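A short worksheet on the structure shown next.
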Amino acid sequence: MGASDPEVAPWAPGGAAGMAGAGAGAGARGGAPAGVEARARDPPPAHRAHPRHPRPAAQPSARRMDGGAGGPGSGDNAPTTEALFVALGAGVTALSHPLLYVKLLIQVGHEPMPPTLGTNVLGRKVLYLPSFFTYAKYIVQVDGKIGLFRGLSPRLMSNALSTVTRGSMKKVFPPDEIEQVSNKDDMKTSLKKVVKETSYEMMMQCVSRMLAHPLHVISMRCMVQFVGREAKYSGVLSSIGKIFKEEGLLGFFVGLIPHLLGDVVFLWGCNLLAHFINAYLVDDSFSQALAIRSYTKFVMGIAVSMLTYPFLLVGDLMAVNNCGLQAGLPPYSPVFKSWIHCWKYLSVQGQLFRGSSLLFRRVSPGSCFALE
């Protein structure tokens, strides 16, 4: 496909107009006799085609941009794209599963290995709990390498269901195009657009979270069986039957409310903070303003995720609390009446951020491992 092909013209560096003129010239040369072609190569200046007024030969590119057959904007590629996202998400989920597995065991308070004595940056002696790598090595010694992927199947299904749900909602409720406004004079208008965009994201996230949460509960319970060496939850279908029989329909949604609250706080906090920073602190006259704005939301996401971590912790603990597994019963955990009760208990114990760090884990002063 040549550079003068009208299908490539809209994306060529010269722009659609320049390429259209080239396409018209190529068509004239291809169909003219030799003598006429020789004279057409160098027409008088008065009859030379102006590059700003090309001949209408590049119209097929408009069909391409409108989603014509075979083009990138065609809706025929939507199922393929959605399947690609599901496959990529499954790969990332599988690779990160050992990390989540170790984090969950730390969240429920399972510390099978004693801490080691070390020194901090000030030279004081402190006790450090095993890091992620030491903990993962211990799991491999007990269950083998395959043990690092306990509970992966329901988690893969949960993430796939969430991805498909979000894609389906975008088709049923397509989002409006939101312009990028960076001028401070348009602050009120741009804020309305940010609120509208965040509301749309919140709706999709809440619906996908509610639909996928039952599988999330099953995945959590499969993983914490490592603590008591149980085998109560062995498969997705059998786990669904056990939960429904013992806890009813509500058993599939334990811990849902703190997860939803965490998602809502994260979305609004991240989007609004990024918007105000880009609008008020990043000046348009700065040469790297565009690059800075592209990273603002990412940085704010990391910061806000740290603040909303207690919601994640409480939600995961409620998912495994009082379900017949050792990890959800005393002495590992009291039986909580509600997620607020769980939050208050962790707050009093100073454990609202338990499991947030997997590398440098210092023993808290109130722990039974604390130095005397």
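Each chain of the structure tokens is named A, B, ... in the order shown, its residues numbered from 1; ligands are numbered from 1 in display order.
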
Residue contacts of A:Pro112 (12 Å, only C-alpha atoms) excluding same-chain residues fewer than 2 positions away, as a PyMOL selection string: chain A and resi 102+105-106+108-110+114-115+129-130+134-136+138-139+142+226-228

How about saving the chosen residues, N, CA and C atoms kept, as an mmCIF file, in the first residue's frame?
data_model
loop_
_atom_site.group_PDB
_atom_site.id
_atom_site.type_symbol
_atom_site.label_atom_id
_atom_site.label_comp_id
_atom_site.auth_asym_id
_atom_site.auth_seq_id
_atom_site.Cartn_x
_atom_site.Cartn_y
_atom_site.Cartn_z
ATOM 1 N N VAL A 102 0.022 -13.888 49.388
ATOM 2 C CA VAL A 102 0.815 -13.582 50.586
ATOM 3 C C VAL A 102 0.213 -12.401 51.338
ATOM 4 N N LEU A 105 -2.794 -13.571 53.437
ATOM 5 C CA LEU A 105 -2.409 -14.310 54.636
ATOM 6 C C LEU A 105 -1.872 -13.376 55.716
ATOM 7 N N ILE A 106 -1.179 -12.337 55.315
ATOM 8 C CA ILE A 106 -0.699 -11.346 56.286
ATOM 9 C C ILE A 106 -1.869 -10.531 56.830
ATOM 10 N N VAL A 108 -4.931 -11.501 57.377
ATOM 11 C CA VAL A 108 -5.692 -12.254 58.376
ATOM 12 C C VAL A 108 -4.865 -12.532 59.624
ATOM 13 N N GLY A 109 -3.586 -12.112 59.620
ATOM 14 C CA GLY A 109 -2.755 -12.244 60.810
ATOM 15 C C GLY A 109 -1.983 -13.539 60.920
ATOM 16 N N HIS A 110 -1.826 -14.264 59.813
ATOM 17 C CA HIS A 110 -1.095 -15.529 59.848
ATOM 18 C C HIS A 110 0.396 -15.263 59.709
ATOM 19 N N PRO A 114 8.937 -16.751 62.830
ATOM 20 C CA PRO A 114 9.285 -15.715 63.818
ATOM 21 C C PRO A 114 9.994 -14.538 63.153
ATOM 22 N N PRO A 115 9.928 -13.376 63.772
ATOM 23 C CA PRO A 115 10.638 -12.206 63.213
ATOM 24 C C PRO A 115 12.131 -12.326 63.423
ATOM 25 N N LEU A 129 9.385 -8.693 60.463
ATOM 26 C CA LEU A 129 8.657 -9.890 60.060
ATOM 27 C C LEU A 129 9.113 -10.322 58.667
ATOM 28 N N PRO A 130 8.906 -11.584 58.301
ATOM 29 C CA PRO A 130 9.361 -12.065 56.987
ATOM 30 C C PRO A 130 8.774 -11.251 55.841
ATOM 31 N N THR A 134 10.411 -14.288 51.536
ATOM 32 C CA THR A 134 10.559 -15.322 52.560
ATOM 33 C C THR A 134 9.249 -16.057 52.785
ATOM 34 N N TYR A 135 8.156 -15.303 52.795
ATOM 35 C CA TYR A 135 6.833 -15.896 52.993
ATOM 36 C C TYR A 135 6.479 -16.819 51.820
ATOM 37 N N ALA A 136 6.741 -16.369 50.608
ATOM 38 C CA ALA A 136 6.454 -17.182 49.424
ATOM 39 C C ALA A 136 7.298 -18.455 49.420
ATOM 40 N N TYR A 138 8.278 -20.040 52.035
ATOM 41 C CA TYR A 138 7.669 -20.920 53.032
ATOM 42 C C TYR A 138 6.454 -21.648 52.446
ATOM 43 N N ILE A 139 5.626 -20.945 51.674
ATOM 44 C CA ILE A 139 4.461 -21.571 51.048
ATOM 45 C C ILE A 139 4.896 -22.667 50.087
ATOM 46 N N VAL A 142 5.746 -25.802 51.920
ATOM 47 C CA VAL A 142 4.587 -26.519 52.464
ATOM 48 C C VAL A 142 3.743 -27.138 51.354
ATOM 49 N N PHE A 226 -5.164 -22.140 53.708
ATOM 50 C CA PHE A 226 -3.774 -22.478 53.998
ATOM 51 C C PHE A 226 -3.492 -22.397 55.491
ATOM 52 N N VAL A 227 -4.186 -21.514 56.201
ATOM 53 C CA VAL A 227 -3.916 -21.300 57.628
ATOM 54 C C VAL A 227 -4.238 -22.557 58.429
ATOM 55 N N GLY A 228 -5.439 -23.094 58.252
ATOM 56 C CA GLY A 228 -5.856 -24.264 59.015
ATOM 57 C C GLY A 228 -5.756 -25.568 58.263
#

Residue contacts of A:Val265 (12 Å, only C-alpha atoms) excluding same-chain residues fewer than 6 positions away, as a PyMOL selection string: chain A and resi 198-199+202+205-206+258-259+271-273+301+304-312

Based on the selection just made, write C-alpha atoms of those residues as a PDB file, in the first residue's frame.
ATOM      1  CA  THR A 198     -16.178  10.217  37.332  1.00  0.00           C
ATOM      2  CA  SER A 199     -19.873   9.492  37.846  1.00  0.00           C
ATOM      3  CA  MET A 202     -18.256   5.004  39.389  1.00  0.00           C
ATOM      4  CA  GLN A 205     -17.106   0.076  38.750  1.00  0.00           C
ATOM      5  CA  CYS A 206     -19.935  -0.444  41.258  1.00  0.00           C
ATOM      6  CA  PRO A 258     -16.332  -1.527  52.295  1.00  0.00           C
ATOM      7  CA  HIS A 259     -15.076  -2.521  48.860  1.00  0.00           C
ATOM      8  CA  ASN A 271      -9.906  12.302  39.552  1.00  0.00           C
ATOM      9  CA  LEU A 272     -10.618  15.489  41.495  1.00  0.00           C
ATOM     10  CA  LEU A 273      -7.080  15.818  42.877  1.00  0.00           C
ATOM     11  CA  GLY A 301      -3.834   7.001  42.057  1.00  0.00           C
ATOM     12  CA  VAL A 304      -5.166   7.756  47.107  1.00  0.00           C
ATOM     13  CA  SER A 305      -4.873   3.951  47.016  1.00  0.00           C
ATOM     14  CA  MET A 306      -2.744   4.137  50.171  1.00  0.00           C
ATOM     15  CA  LEU A 307      -5.440   6.162  51.921  1.00  0.00           C
ATOM     16  CA  THR A 308      -8.219   3.784  50.864  1.00  0.00           C
ATOM     17  CA  TYR A 309      -6.306   0.633  51.834  1.00  0.00           C
ATOM     18  CA  PRO A 310      -8.284   0.163  55.108  1.00  0.00           C
ATOM     19  CA  PHE A 311     -11.462  -0.333  53.053  1.00  0.00           C
ATOM     20  CA  LEU A 312      -9.738  -3.133  51.130  1.00  0.00           C
TER      21      LEU A 312
END

Taking only residues of stretch 146-264 of chain A that have an atom at most 9 Å from an atom of stretch 335-341 of chain A, what is each one's shortest atom pair and its distance in Å to one decimal, using only C-alpha atoms, in chain and number order, as a tab-separated table?
residue	atom	partner	partner_atom	distance
A:Val254	CA	A:Trp339	CA	8.8
A:Gly255	CA	A:Trp339	CA	7.0
A:Ile257	CA	A:Trp339	CA	8.1
A:Pro258	CA	A:Trp339	CA	7.2

The selected residues should be written to file as an mmCIF file, in the first residue's frame (atoms: N, CA, C and O atoms).
data_model
loop_
_atom_site.group_PDB
_atom_site.id
_atom_site.type_symbol
_atom_site.label_atom_id
_atom_site.label_comp_id
_atom_site.auth_asym_id
_atom_site.auth_seq_id
_atom_site.Cartn_x
_atom_site.Cartn_y
_atom_site.Cartn_z
ATOM 1 N N VAL A 254 -20.740 -10.695 51.511
ATOM 2 C CA VAL A 254 -20.087 -10.209 52.729
ATOM 3 C C VAL A 254 -18.828 -9.433 52.336
ATOM 4 O O VAL A 254 -18.064 -9.857 51.471
ATOM 5 N N GLY A 255 -18.649 -8.292 52.955
ATOM 6 C CA GLY A 255 -17.497 -7.452 52.633
ATOM 7 C C GLY A 255 -17.672 -6.591 51.406
ATOM 8 O O GLY A 255 -16.726 -5.907 50.993
ATOM 9 N N ILE A 257 -19.743 -3.890 50.962
ATOM 10 C CA ILE A 257 -19.901 -2.453 51.232
ATOM 11 C C ILE A 257 -18.555 -1.741 51.401
ATOM 12 O O ILE A 257 -18.327 -0.698 50.768
ATOM 13 N N PRO A 258 -17.620 -2.240 52.222
ATOM 14 C CA PRO A 258 -16.332 -1.527 52.295
ATOM 15 C C PRO A 258 -15.580 -1.506 50.982
ATOM 16 O O PRO A 258 -14.893 -0.522 50.676
#

Test item: residues at most 12 Å from A:Val282, only C-alpha atoms, excluding those fewer than 3 positions along its chain, as a PyMOL selection string: chain A and resi 182-184+274-279+285-296

Sel. of alpha helix (DSSP H) residues, stretch 80-252 of chain A, as a VMD selection string: chain A and resid 80 to 107 132 to 143 152 to 172 187 to 228 236 to 247

Separation of atom CA of A:Leu148 from atom CA of A:Pro98, in Å and rounded to one decimal: 5.2 Å

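In the backbone-derived DSSP annotation, strand (DSSP E) within stretch 115-301 of chain A comprises A:Thr116, A:Leu117, A:Gly118, A:Thr119, A:Lys125, A:Val126, A:Leu127, A:Tyr128, A:Leu129.
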